[in-house]
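For reference, coords.cif (mmCIF, C-alpha atoms):
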```cif
data_coords
loop_
_atom_site.label_atom_id
_atom_site.label_comp_id
_atom_site.auth_asym_id
_atom_site.auth_seq_id
_atom_site.Cartn_x
_atom_site.Cartn_y
_atom_site.Cartn_z
CA MET X 1 -10.85 23.41 -1.56
CA ASP X 2 -13.92 21.74 -0.10
CA ASP X 3 -13.19 18.03 -0.30
CA LEU X 4 -16.78 17.20 0.67
CA GLN X 5 -17.83 18.29 -2.81
CA PHE X 6 -15.79 15.36 -4.13
CA GLY X 7 -16.37 12.73 -1.47
CA LYS X 8 -17.46 12.06 2.08
CA ARG X 9 -15.87 11.60 5.48
CA ASN X 10 -16.93 8.92 7.97
CA LYS X 11 -17.06 8.90 11.75
CA ARG X 12 -13.43 7.88 11.91
CA GLY X 13 -12.39 10.83 9.77
CA ASP X 14 -11.51 8.74 6.72
CA TRP X 15 -12.33 10.45 3.42
CA THR X 16 -13.52 8.50 0.38
CA PRO X 17 -14.06 9.87 -3.11
CA THR X 18 -17.56 9.83 -4.61
CA ALA X 19 -16.30 8.86 -8.05
CA VAL X 20 -15.57 5.16 -8.44
CA LEU X 21 -12.39 3.90 -10.06
CA GLU X 22 -12.59 2.80 -13.68
CA ALA X 23 -10.34 0.55 -15.73
CA ALA X 24 -8.57 2.19 -18.68
CA PRO X 25 -11.21 3.02 -21.33
CA LEU X 26 -9.23 0.99 -23.85
CA TRP X 27 -10.95 -2.06 -22.35
CA VAL X 28 -14.46 -0.70 -22.36
CA ARG X 29 -16.74 -1.58 -25.29
CA PRO X 30 -17.97 0.20 -27.28
CA LEU X 31 -14.86 2.36 -27.49
CA ASN X 32 -15.45 5.99 -26.55
CA LEU X 33 -12.93 8.15 -28.38
CA GLY X 34 -13.52 11.26 -26.26
CA LYS X 35 -13.00 9.30 -23.08
CA ILE X 36 -9.87 7.65 -24.46
CA LEU X 37 -8.37 11.02 -25.41
CA ARG X 38 -9.07 12.46 -21.96
CA TRP X 39 -7.59 9.34 -20.37
CA LEU X 40 -4.54 9.60 -22.63
CA VAL X 41 -3.78 13.08 -21.30
CA GLY X 42 -3.79 11.72 -17.73
CA TYR X 43 -1.74 8.75 -18.90
CA LEU X 44 1.07 11.05 -20.01
CA TRP X 45 0.68 14.06 -17.75
CA PRO X 46 1.94 14.79 -15.18
CA TRP X 47 3.45 11.61 -13.75
CA ASN X 48 4.84 9.72 -16.75
CA THR X 49 6.14 12.97 -18.22
CA LEU X 50 8.00 13.59 -14.97
CA TYR X 51 9.52 10.09 -14.99
CA MET X 52 10.55 10.55 -18.64
CA ALA X 53 12.13 13.91 -17.83
CA LEU X 54 14.08 12.29 -15.00
CA THR X 55 15.16 9.52 -17.39
CA LEU X 56 16.53 12.02 -19.91
CA ALA X 57 18.24 13.96 -17.14
CA TYR X 58 19.94 10.75 -16.00
CA TRP X 59 20.91 9.84 -19.55
CA TYR X 60 22.57 13.17 -20.28
CA TRP X 61 23.96 14.15 -16.88
CA VAL X 62 24.23 11.15 -14.61
CA LEU X 63 25.13 7.95 -16.44
CA PRO X 64 28.81 7.46 -17.19
CA ASP X 65 30.23 6.75 -20.65
CA VAL X 66 29.51 3.37 -22.19
CA GLU X 67 33.18 2.39 -21.80
CA VAL X 68 32.93 2.93 -18.04
CA MET X 69 29.73 0.89 -17.80
CA GLN X 70 31.39 -2.07 -19.51
CA THR X 71 33.04 -2.89 -16.22
CA VAL X 72 31.12 -3.11 -12.99
CA GLY X 73 32.81 -0.79 -10.54
CA TRP X 74 32.07 0.72 -7.15
CA GLY X 75 32.75 4.24 -8.42
CA TRP X 76 29.90 4.61 -10.87
CA ALA X 77 27.62 2.28 -8.92
CA LEU X 78 27.94 4.35 -5.76
CA ARG X 79 27.48 7.55 -7.75
CA LEU X 80 24.24 6.14 -9.18
CA TYR X 81 23.09 5.17 -5.71
CA ALA X 82 23.84 8.68 -4.44
CA VAL X 83 21.87 10.29 -7.26
CA ASN X 84 18.95 7.86 -6.87
CA ALA X 85 18.85 8.49 -3.13
CA ALA X 86 19.10 12.26 -3.58
CA ALA X 87 16.36 12.29 -6.23
CA ILE X 88 14.05 10.21 -4.06
CA PHE X 89 14.81 12.42 -1.09
CA VAL X 90 13.83 15.50 -3.07
CA LEU X 91 10.75 14.06 -4.82
CA TYR X 92 9.26 11.98 -2.00
CA GLY X 93 10.49 14.47 0.58
CA ALA X 94 8.67 17.33 -1.13
CA PHE X 95 5.33 15.52 -0.81
CA GLU X 96 6.12 14.30 2.71
CA TYR X 97 7.10 17.78 3.81
CA GLN X 98 4.08 19.54 2.33
CA LEU X 99 1.43 16.98 3.24
CA TYR X 100 2.71 15.30 6.40
CA VAL X 101 5.19 17.64 8.09
CA ARG X 102 3.70 21.05 7.38
CA ARG X 103 0.26 19.46 6.84
CA ASN X 104 -0.55 22.21 4.37
CA GLN X 105 -3.71 20.44 3.28
CA ASP X 106 -4.72 19.44 6.78
CA TYR X 107 -7.09 16.44 6.31
CA ARG X 108 -8.55 17.56 2.99
CA PHE X 109 -8.70 14.65 0.53
CA LYS X 110 -6.88 12.44 3.07
CA TYR X 111 -8.05 8.83 2.86
CA ASN X 112 -7.08 7.92 6.40
CA GLY X 113 -8.20 10.29 9.13
CA LYS X 114 -4.96 9.98 11.09
CA PHE X 115 -1.38 11.05 10.52
CA PRO X 116 1.14 8.22 11.08
CA ALA X 117 3.45 10.51 13.05
CA ASP X 118 0.70 10.78 15.69
CA GLN X 119 0.41 6.98 15.96
CA PRO X 120 3.60 5.39 17.40
CA SER X 121 3.50 1.62 16.95
CA ASP X 122 5.61 -1.34 18.03
CA VAL X 123 5.55 -2.82 14.54
CA PHE X 124 7.98 -0.17 13.27
CA TRP X 125 11.65 0.35 13.97
CA PHE X 126 11.96 2.94 16.76
CA LYS X 127 8.13 2.80 17.01
CA SER X 128 7.97 5.30 14.15
CA GLN X 129 6.47 4.58 10.76
CA ASN X 130 8.36 7.50 9.26
CA VAL X 131 11.77 6.47 10.58
CA ASP X 132 11.20 2.80 9.74
CA ASN X 133 9.99 3.54 6.21
CA PHE X 134 12.77 6.04 5.56
CA LEU X 135 15.53 3.67 6.69
CA ARG X 136 14.16 0.73 4.71
CA SER X 137 13.85 2.90 1.60
CA PHE X 138 17.34 4.35 1.68
CA PHE X 139 19.26 1.35 3.00
CA VAL X 140 17.36 -1.56 1.43
CA SER X 141 15.26 -0.60 -1.57
CA ILE X 142 17.31 2.13 -3.23
CA PRO X 143 20.51 0.03 -3.08
CA LEU X 144 18.65 -2.83 -4.77
CA TRP X 145 17.16 -0.43 -7.32
CA THR X 146 20.77 0.58 -8.08
CA VAL X 147 21.84 -3.07 -8.40
CA VAL X 148 19.19 -3.63 -11.07
CA GLU X 149 20.23 -0.40 -12.78
CA VAL X 150 23.92 -1.34 -12.84
CA LEU X 151 23.06 -4.83 -14.09
CA PHE X 152 21.10 -3.79 -17.15
CA LEU X 153 23.42 -0.91 -18.04
CA TRP X 154 26.38 -3.31 -17.86
CA CYS X 155 24.56 -5.78 -20.15
CA PHE X 156 23.73 -3.07 -22.70
CA ALA X 157 27.22 -1.57 -22.56
CA ASN X 158 28.86 -4.92 -23.26
CA GLY X 159 26.48 -5.83 -26.07
CA TYR X 160 25.14 -8.87 -24.20
CA VAL X 161 21.65 -7.82 -25.32
CA PRO X 162 20.47 -5.92 -28.40
CA TRP X 163 20.82 -2.12 -28.13
CA LEU X 164 18.31 -0.82 -30.66
CA SER X 165 19.07 2.67 -31.94
CA TRP X 166 16.45 5.41 -32.05
CA SER X 167 17.38 6.32 -35.61
CA ALA X 168 16.79 2.81 -36.95
CA ASN X 169 13.81 1.89 -34.73
CA PRO X 170 11.94 5.09 -33.82
CA TRP X 171 8.40 3.68 -34.03
CA TYR X 172 9.15 0.45 -32.24
CA LEU X 173 10.97 2.19 -29.38
CA ALA X 174 8.30 4.89 -29.10
CA ALA X 175 5.68 2.13 -28.86
CA LEU X 176 7.77 0.34 -26.25
CA LEU X 177 7.98 3.57 -24.24
CA LEU X 178 4.21 3.96 -24.40
CA LEU X 179 3.79 0.33 -23.35
CA ALA X 180 6.19 0.63 -20.42
CA PRO X 181 3.38 1.46 -17.94
CA ALA X 182 1.55 -1.68 -19.09
CA ILE X 183 4.68 -3.78 -18.60
CA HIS X 184 5.04 -2.23 -15.16
CA GLU X 185 1.48 -3.04 -14.20
CA ALA X 186 1.60 -6.64 -15.45
CA HIS X 187 4.95 -7.25 -13.71
CA PHE X 188 3.74 -5.63 -10.51
CA PHE X 189 0.52 -7.64 -10.47
CA CYS X 190 2.43 -10.93 -10.88
CA ILE X 191 5.11 -10.33 -8.23
CA HIS X 192 2.60 -8.74 -5.90
CA ARG X 193 0.23 -11.69 -6.18
CA LEU X 194 3.21 -13.98 -5.55
CA ILE X 195 4.28 -12.22 -2.36
CA HIS X 196 0.71 -12.36 -1.08
CA THR X 197 0.90 -16.16 -0.89
CA PRO X 198 0.87 -17.04 2.83
CA LEU X 199 4.53 -17.91 3.35
CA LEU X 200 5.96 -15.05 1.30
CA TYR X 201 3.48 -12.66 2.83
CA LYS X 202 4.61 -13.58 6.31
CA TRP X 203 8.34 -13.37 5.63
CA VAL X 204 8.53 -10.75 2.91
CA HIS X 205 5.53 -8.58 2.14
CA SER X 206 4.18 -8.03 5.65
CA ILE X 207 6.91 -5.40 6.11
CA HIS X 208 5.40 -3.22 3.41
CA HIS X 209 1.90 -3.82 4.77
CA ASN X 210 2.84 -2.60 8.21
CA SER X 211 2.02 0.80 6.74
CA VAL X 212 -1.76 0.57 6.69
CA ASN X 213 -1.83 4.34 6.49
CA PRO X 214 0.86 4.92 3.86
CA THR X 215 2.83 8.10 3.30
CA PRO X 216 5.43 8.85 0.61
CA TRP X 217 8.18 7.23 2.69
CA SER X 218 6.13 4.00 2.71
CA SER X 219 6.44 3.68 -1.06
CA LEU X 220 9.78 1.87 -1.04
CA SER X 221 9.63 0.44 2.46
CA MET X 222 10.18 -3.17 1.51
CA HIS X 223 11.88 -6.43 2.39
CA PRO X 224 14.99 -6.97 0.20
CA VAL X 225 13.31 -9.77 -1.75
CA GLU X 226 10.38 -7.56 -2.61
CA ALA X 227 12.60 -4.58 -3.40
CA PHE X 228 14.63 -6.60 -5.89
CA LEU X 229 11.61 -8.24 -7.54
CA TYR X 230 9.85 -4.89 -7.78
CA HIS X 231 12.71 -3.04 -9.48
CA ALA X 232 13.55 -6.07 -11.64
CA VAL X 233 10.77 -4.94 -13.96
CA ALA X 234 13.53 -3.12 -15.87
CA LEU X 235 15.18 -6.46 -16.63
CA TRP X 236 12.36 -7.23 -19.09
CA HIS X 237 14.34 -4.95 -21.42
CA LEU X 238 17.10 -7.52 -21.45
CA VAL X 239 14.55 -9.99 -22.83
CA LEU X 240 12.67 -7.67 -25.19
CA PRO X 241 14.77 -5.97 -27.88
CA SER X 242 15.14 -2.51 -26.37
CA ASN X 243 17.28 0.49 -25.60
CA PRO X 244 18.81 1.55 -22.27
CA ILE X 245 16.76 4.76 -22.21
CA VAL X 246 13.54 2.73 -22.34
CA ALA X 247 14.87 0.37 -19.66
CA LEU X 248 15.81 3.35 -17.49
CA PHE X 249 12.34 4.83 -17.96
CA GLN X 250 10.88 1.47 -16.93
CA LEU X 251 13.04 1.49 -13.79
CA HIS X 252 12.11 5.06 -12.97
CA MET X 253 8.42 4.25 -13.28
CA ALA X 254 8.99 1.67 -10.57
CA GLY X 255 11.37 3.60 -8.32
CA PHE X 256 9.93 7.09 -8.56
CA GLY X 257 6.45 5.89 -9.52
CA ALA X 258 5.98 3.96 -6.29
CA LEU X 259 5.11 7.34 -4.83
CA ASN X 260 1.79 7.43 -6.67
CA GLY X 261 0.10 4.69 -4.68
CA HIS X 262 1.33 5.94 -1.32
CA ILE X 263 0.65 9.66 -1.22
CA GLY X 264 -2.34 9.07 1.03
CA PHE X 265 -4.29 11.98 -0.40
CA ASP X 266 -6.65 11.75 -3.38
CA GLN X 267 -5.80 15.18 -4.66
CA VAL X 268 -2.78 17.36 -4.01
CA GLU X 269 -3.72 21.01 -3.77
CA LEU X 270 -1.60 23.55 -5.61
CA THR X 271 -3.71 26.62 -4.81
CA ASP X 272 -7.09 27.21 -3.18
CA GLY X 273 -8.90 26.22 -6.36
CA GLN X 274 -6.41 23.95 -8.10
CA ALA X 275 -5.30 20.41 -7.41
CA PHE X 276 -3.92 17.44 -9.29
CA GLU X 277 -4.87 13.82 -8.92
CA SER X 278 -2.54 11.50 -7.07
CA HIS X 279 -3.87 8.25 -8.64
CA ALA X 280 -3.38 6.74 -5.18
CA TYR X 281 -6.83 5.39 -4.44
CA ALA X 282 -6.60 1.91 -6.01
CA HIS X 283 -3.42 1.12 -4.12
CA TYR X 284 -4.69 2.77 -0.95
CA LEU X 285 -7.62 0.32 -1.06
CA HIS X 286 -5.08 -2.48 -1.33
CA HIS X 287 -3.28 -1.25 1.81
CA LYS X 288 -6.62 -0.97 3.57
CA HIS X 289 -8.22 -4.25 2.52
CA PHE X 290 -5.17 -6.37 1.59
CA GLU X 291 -6.81 -8.80 -0.78
CA VAL X 292 -7.92 -6.45 -3.55
CA ASN X 293 -6.17 -4.40 -6.23
CA TYR X 294 -2.92 -6.29 -6.65
CA GLY X 295 -2.22 -4.26 -9.78
CA GLY X 296 -2.57 -0.54 -10.35
CA ASP X 297 -5.14 1.57 -12.12
CA GLN X 298 -6.13 -1.34 -14.44
CA LEU X 299 -4.24 -0.17 -17.48
CA VAL X 300 -3.93 -3.94 -17.85
CA PRO X 301 -7.09 -5.02 -16.03
CA LEU X 302 -5.70 -8.12 -14.37
CA ASP X 303 -7.59 -7.47 -11.13
CA VAL X 304 -10.82 -7.17 -13.11
CA TRP X 305 -10.10 -10.42 -14.94
CA PHE X 306 -9.10 -12.30 -11.77
CA GLY X 307 -11.99 -10.93 -9.70
CA THR X 308 -9.87 -8.95 -7.22
CA TRP X 309 -10.78 -5.45 -8.42
CA HIS X 310 -12.20 -3.02 -5.87
CA ASP X 311 -13.33 0.21 -7.48
CA GLY X 312 -14.31 1.90 -4.22
CA SER X 313 -18.04 1.37 -4.84
CA PRO X 314 -20.51 -0.53 -2.61
CA ALA X 315 -20.60 -3.22 -5.32
CA GLY X 316 -16.80 -3.53 -5.11
CA GLU X 317 -17.08 -3.81 -1.34
CA ALA X 318 -19.75 -6.53 -1.70
CA ARG X 319 -17.58 -8.53 -4.12
CA MET X 320 -14.66 -8.33 -1.70
CA GLN X 321 -16.89 -9.33 1.21
CA ALA X 322 -18.23 -12.36 -0.71
CA ARG X 323 -14.67 -13.59 -1.32
CA PHE X 324 -13.85 -12.92 2.32
CA ASP X 325 -16.90 -14.87 3.51
CA LYS X 326 -15.80 -17.89 1.49
CA LYS X 327 -12.30 -17.74 2.94
CA ARG X 328 -13.63 -17.29 6.46
CA ALA X 329 -15.92 -20.30 6.07
CA ARG X 330 -12.94 -22.37 4.95
CA LEU X 331 -10.80 -21.27 7.92
CA ASN X 332 -13.51 -21.55 10.59
CA PRO X 333 -15.05 -24.99 10.12
CA GLN X 334 -18.26 -25.43 12.06
CA MET D 1 -12.24 -26.77 34.84
CA PRO D 2 -13.72 -23.34 33.96
CA GLN D 3 -13.71 -20.76 36.71
CA TRP D 4 -15.04 -17.24 37.11
CA ILE D 5 -12.36 -14.60 37.49
CA ASP D 6 -12.91 -11.11 38.82
CA ALA D 7 -11.53 -8.95 36.01
CA CYS D 8 -12.36 -5.31 36.73
CA ALA D 9 -15.02 -2.86 37.84
CA SER D 10 -17.86 -2.35 35.40
CA THR D 11 -17.10 1.39 35.45
CA ASP D 12 -13.57 0.70 34.21
CA VAL D 13 -14.96 0.22 30.72
CA GLU D 14 -16.68 3.12 29.00
CA PRO D 15 -19.56 2.43 26.60
CA GLU D 16 -18.22 1.46 23.15
CA GLU D 17 -14.78 0.98 24.64
CA VAL D 18 -12.44 -1.89 25.40
CA ILE D 19 -9.83 -2.58 28.04
CA ARG D 20 -7.08 -5.17 28.32
CA PHE D 21 -7.09 -7.74 31.11
CA ASP D 22 -4.18 -10.12 31.71
CA HIS D 23 -4.50 -13.25 33.80
CA ALA D 24 -2.39 -16.39 34.17
CA GLN D 25 -0.24 -15.62 31.13
CA GLN D 26 -3.32 -15.04 28.99
CA THR D 27 -4.53 -11.72 27.67
CA PHE D 28 -8.17 -10.76 27.18
CA ALA D 29 -10.17 -7.86 25.83
CA ILE D 30 -13.24 -6.74 27.76
CA PHE D 31 -15.82 -4.72 25.86
CA ARG D 32 -18.80 -2.63 26.83
CA SER D 33 -21.41 -2.38 24.12
CA PRO D 34 -23.54 0.72 23.35
CA ASP D 35 -26.45 -0.94 25.22
CA ASP D 36 -24.31 -1.50 28.33
CA GLN D 37 -23.64 -5.20 27.97
CA TYR D 38 -20.19 -6.63 28.65
CA PHE D 39 -18.29 -9.09 26.49
CA CYS D 40 -14.91 -10.74 26.67
CA THR D 41 -12.74 -12.10 23.88
CA ALA D 42 -9.18 -13.29 23.49
CA GLY D 43 -6.99 -10.23 23.68
CA LEU D 44 -4.88 -10.72 20.57
CA CYS D 45 -5.91 -10.39 16.95
CA THR D 46 -5.94 -13.75 15.17
CA HIS D 47 -4.06 -12.21 12.26
CA GLU D 48 -0.81 -10.87 13.72
CA LYS D 49 -1.21 -11.09 17.50
CA VAL D 50 -1.75 -7.42 18.21
CA HIS D 51 -3.64 -6.30 21.34
CA LEU D 52 -7.23 -5.57 20.38
CA ALA D 53 -7.55 -3.35 23.44
CA ASP D 54 -5.63 -0.76 21.39
CA GLY D 55 -8.23 -0.98 18.64
CA LEU D 56 -11.24 1.12 17.76
CA VAL D 57 -14.68 -0.01 18.97
CA MET D 58 -17.65 1.01 16.90
CA ASP D 59 -21.07 -0.39 17.72
CA TYR D 60 -20.49 -4.13 18.10
CA GLU D 61 -17.21 -4.31 16.20
CA VAL D 62 -13.64 -3.88 17.21
CA GLU D 63 -11.11 -2.87 14.60
CA CYS D 64 -7.58 -4.17 14.98
CA PRO D 65 -5.13 -1.27 15.33
CA LYS D 66 -2.57 -2.85 13.05
CA HIS D 67 -4.35 -3.80 9.85
CA SER D 68 -7.92 -2.65 10.45
CA GLY D 69 -9.35 -6.15 10.36
CA ALA D 70 -12.60 -6.28 12.35
CA PHE D 71 -14.37 -8.69 14.70
CA ASP D 72 -17.85 -8.81 16.15
CA TYR D 73 -16.85 -8.86 19.80
CA ARG D 74 -20.16 -10.44 20.84
CA THR D 75 -19.52 -13.63 18.88
CA GLY D 76 -15.83 -13.36 17.99
CA GLU D 77 -16.73 -13.59 14.32
CA ALA D 78 -14.13 -12.21 11.92
CA ARG D 79 -15.90 -9.50 9.93
CA ARG D 80 -13.34 -7.85 7.69
CA ALA D 81 -10.10 -8.84 5.99
CA PRO D 82 -7.32 -9.46 6.65
CA VAL D 83 -8.62 -11.30 9.71
CA CYS D 84 -10.30 -14.56 8.75
CA VAL D 85 -10.01 -16.71 11.87
CA ASN D 86 -12.66 -16.01 14.52
CA LEU D 87 -11.75 -14.81 18.01
CA LYS D 88 -12.36 -16.99 21.04
CA THR D 89 -15.02 -15.53 23.35
CA PHE D 90 -15.58 -15.99 27.08
CA PRO D 91 -18.79 -15.73 29.12
CA THR D 92 -19.10 -12.64 31.34
CA LYS D 93 -21.32 -11.62 34.22
CA VAL D 94 -21.58 -8.52 36.38
CA GLU D 95 -21.91 -8.93 40.13
CA ASN D 96 -21.75 -6.11 42.64
CA GLY D 97 -20.36 -3.76 40.06
CA ARG D 98 -17.56 -6.12 39.09
CA ILE D 99 -17.10 -7.86 35.75
CA HIS D 100 -16.31 -11.56 35.98
CA ILE D 101 -15.15 -13.69 33.08
CA GLU D 102 -15.29 -17.46 32.85
CA ILE D 103 -12.05 -19.03 31.68
#
```

Same coordinates, now as structure tokens:
Amino acid sequence: MDDLQFGKRNKRGDWTPTAVLEAAPLWVRPLNLGKILRWLVGYLWPWNTLYMALTLAYWYWVLPDVEVMQTVGWGWALRLYAVNAAAIFVLYGAFEYQLYVRRNQDYRFKYNGKFPADQPSDVFWFKSQNVDNFLRSFFVSIPLWTVVEVLFLWCFANGYVPWLSWSANPWYLAALLLLAPAIHEAHFFCIHRLIHTPLLYKWVHSIHHNSVNPTPWSSLSMHPVEAFLYHAVALWHLVLPSNPIVALFQLHMAGFGALNGHIGFDQVELTDGQAFESHAYAHYLHHKHFEVNYGGDQLVPLDVWFGTWHDGSPAGEARMQARFDKKRARLNPQ
Amino acid sequence: MPQWIDACASTDVEPEEVIRFDHAQQTFAIFRSPDDQYFCTAGLCTHEKVHLADGLVMDYEVECPKHSGAFDYRTGEARRAPVCVNLKTFPTKVENGRIHIEI
């Protein structure tokens, strides 16, 4: 595919899409039904459908019986960790292998004109972004993902929180499932904004931001505090009346869904003429500019409301620059 | 008291390039602009203390290699987030094909 039909490449080799990012059309007035229906398709397919399929696969083939989950034990916890790690290895690894190892797409649709493997840096363990990100993912973040998973399953299994049944509450639970991405985005915005405060940024979040040029392995490369807070989104289902399947879906949107913002390519080519959207651009802009796009694709437009939205347009750039100029003036008194 | 230090040959720095110069436990970045003028700034980014000599120079800006923050190397002014604190700059002069900086 010719990516220059969809965007442009600068002197540095960085590619940017022509189309600017838009908040979910649910927030645009007057409502445009056609646009909402088209958006709804992208809302469900392919990513959230994949995370739901993984949730059902876990429910039927991975999770132990309720009686087992009533007691916290190393056996089922370690099994969950092994499955989580294996699933991440396969899913993230497939994108990493195709796009960054084999470089099947070369630089087409690649936001950053460099490949991290070609850029050894002292900020990473063993001077390698890939090795550093991989180790942090598998030995920090996925264990903490599993801790959250064990915690809410144990609570549901023991009846410490309401376990709503699908037969008695089909509409409520279906609505909760559909709202899970909104819960994810609101939770992510709040914790993300928190860890961008100066002290927490320095001690916690700077690790994730070492990857200015993110790849799939960067998705879960986090400090333990961030990894726990991030996956703790599933614990909202201990507060809201819910069902463990919905909570598991919520967790999977966080764990597996972290991939979306870190693919590094705007479109992933399937064939010469076919590609699917990564939905990575909003979060890529966050990795590039730091102080924009704390949330996601503005399903809940918190960045728009708080003035930190960068849609990739010159106007978005100007808004960011105006905020930056104010901050710079404050930090460089004349 | 400020003194002029012989840093390097003017040919050591290519146009739109930067080199690192260390002296008396300080590190500096020496730039050559597209119009063949020479500038010197503190060598480390004010954000996370990374050597700017490893960064990308385009026109009159240097981009930090770590987080892509940018400075105007002529004035030291921070130009792009995440860097917000300006860089210190040092006077330069060229004599007999050598670049001198005043520190």

Taking only C-alpha atoms into account and nothing else, which residues of chain X lie no more than 10 Å away from chain D? Please answer as a ChimeraX atom specification. /X:11-12,119,121-123,202,206,209-213,287-291,320-321,323-333

Which of these residues is nearest to Cys40 (chain D), using all atoms listed in the file: D:Asn96, D:Ala70, D:Thr75, D:Met1? D:Thr75

For CA of His262 (chain X) and CA of Pro214 (chain X), determine how far apart the two atoms are, in Å to one decimal place. 5.3 Å

Evaluate the PyMOL selection byres ((chain X and resi 226-233) around 7) and report residues as a list in words: Ser141, Leu144, Trp145, Val148, His184, His187, Phe188, Ile191, Val204, His205, Met222, His223, Pro224, Val225, Ala234, Leu235, Trp236, Leu251, Ala254 and Gly255 of chain X

Can I get the selection written as a PDB file, in the frame of the given file, with C-alpha atoms?
```pdb
ATOM      1  CA  SER X 141      15.260  -0.600  -1.570  1.00  0.00           C
ATOM      2  CA  LEU X 144      18.650  -2.830  -4.770  1.00  0.00           C
ATOM      3  CA  TRP X 145      17.160  -0.430  -7.320  1.00  0.00           C
ATOM      4  CA  VAL X 148      19.190  -3.630 -11.070  1.00  0.00           C
ATOM      5  CA  HIS X 184       5.040  -2.230 -15.160  1.00  0.00           C
ATOM      6  CA  HIS X 187       4.950  -7.250 -13.710  1.00  0.00           C
ATOM      7  CA  PHE X 188       3.740  -5.630 -10.510  1.00  0.00           C
ATOM      8  CA  ILE X 191       5.110 -10.330  -8.230  1.00  0.00           C
ATOM      9  CA  VAL X 204       8.530 -10.750   2.910  1.00  0.00           C
ATOM     10  CA  HIS X 205       5.530  -8.580   2.140  1.00  0.00           C
ATOM     11  CA  MET X 222      10.180  -3.170   1.510  1.00  0.00           C
ATOM     12  CA  HIS X 223      11.880  -6.430   2.390  1.00  0.00           C
ATOM     13  CA  PRO X 224      14.990  -6.970   0.200  1.00  0.00           C
ATOM     14  CA  VAL X 225      13.310  -9.770  -1.750  1.00  0.00           C
ATOM     15  CA  ALA X 234      13.530  -3.120 -15.870  1.00  0.00           C
ATOM     16  CA  LEU X 235      15.180  -6.460 -16.630  1.00  0.00           C
ATOM     17  CA  TRP X 236      12.360  -7.230 -19.090  1.00  0.00           C
ATOM     18  CA  LEU X 251      13.040   1.490 -13.790  1.00  0.00           C
ATOM     19  CA  ALA X 254       8.990   1.670 -10.570  1.00  0.00           C
ATOM     20  CA  GLY X 255      11.370   3.600  -8.320  1.00  0.00           C
TER      21      GLY X 255
END
```

What would the selection look like, as a VMD selection string, if the PyMOL selection byres ((chain X and resi 311) around 10) were run on the coordinates I just shared? chain X and resid 19 to 23 281 to 282 285 292 to 293 297 304 308 to 310 312 to 317

Could you save the residues just selected, with C-alpha atoms, as a PDB file, in the coordinates of the input?
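The resulting part-v6.pdb:
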```
ATOM      1  CA  ALA X  19     -16.300   8.860  -8.050  1.00  0.00           C
ATOM      2  CA  VAL X  20     -15.570   5.160  -8.440  1.00  0.00           C
ATOM      3  CA  LEU X  21     -12.390   3.900 -10.060  1.00  0.00           C
ATOM      4  CA  GLU X  22     -12.590   2.800 -13.680  1.00  0.00           C
ATOM      5  CA  ALA X  23     -10.340   0.550 -15.730  1.00  0.00           C
ATOM      6  CA  TYR X 281      -6.830   5.390  -4.440  1.00  0.00           C
ATOM      7  CA  ALA X 282      -6.600   1.910  -6.010  1.00  0.00           C
ATOM      8  CA  LEU X 285      -7.620   0.320  -1.060  1.00  0.00           C
ATOM      9  CA  VAL X 292      -7.920  -6.450  -3.550  1.00  0.00           C
ATOM     10  CA  ASN X 293      -6.170  -4.400  -6.230  1.00  0.00           C
ATOM     11  CA  ASP X 297      -5.140   1.570 -12.120  1.00  0.00           C
ATOM     12  CA  VAL X 304     -10.820  -7.170 -13.110  1.00  0.00           C
ATOM     13  CA  THR X 308      -9.870  -8.950  -7.220  1.00  0.00           C
ATOM     14  CA  TRP X 309     -10.780  -5.450  -8.420  1.00  0.00           C
ATOM     15  CA  HIS X 310     -12.200  -3.020  -5.870  1.00  0.00           C
ATOM     16  CA  GLY X 312     -14.310   1.900  -4.220  1.00  0.00           C
ATOM     17  CA  SER X 313     -18.040   1.370  -4.840  1.00  0.00           C
ATOM     18  CA  PRO X 314     -20.510  -0.530  -2.610  1.00  0.00           C
ATOM     19  CA  ALA X 315     -20.600  -3.220  -5.320  1.00  0.00           C
ATOM     20  CA  GLY X 316     -16.800  -3.530  -5.110  1.00  0.00           C
ATOM     21  CA  GLU X 317     -17.080  -3.810  -1.340  1.00  0.00           C
TER      22      GLU X 317
END
```

Could you spell out the hits of the PyMOL selection byres ((chain D and resi 17) around 12) on the shown file, as a PyMOL selection string? chain D and resi 10-16+18-20+29-40+52-63+73

Just the number, please: distance in Å from CA of Thr271 (chain X) to CA of Ala94 (chain X), one decimal. 15.9 Å

Kindly indicate which residue among X:Val101, X:Ile183, X:Val150, X:Leu54 lies nearest to Val72 (chain X), using all atoms listed in the file for the distances. X:Val150

As a list of chain:residue names, please: the residues near Thr27 (chain D) (cut-off 9 Å, only C-alpha atoms, same-chain neighbours under 3 positions excluded). D:Arg20, D:Phe21, D:Asp22, D:His23, D:Ala24, D:Ala42, D:Gly43, D:Leu44, D:His51

Using only C-alpha atoms, which residues sit within 12 Å of Leu44 (chain X) once same-chain residues fewer than 4 positions away are excluded, as a list in words?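 Once the adjacent positions are removed, what remains is Leu37, Arg38, Trp39, Leu40, Asn48, Thr49, Leu50, Tyr51, Met52, Ala53, Leu177, Leu178, Leu179, Ala180 and Pro181 of chain X.
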
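Comparing the minimum interatomic distances between His286 (chain X) and each of X:Leu299, X:Asn158, X:Leu248, X:His208, counting all atoms listed in the file, we find that X:His208 sits nearest.
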
Hey, can you check how far CA of Val66 (chain X) sits from CA of Pro170 (chain X)?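 Taking CA of Val66 (chain X) and CA of Pro170 (chain X), their separation equals 21.1 Å.
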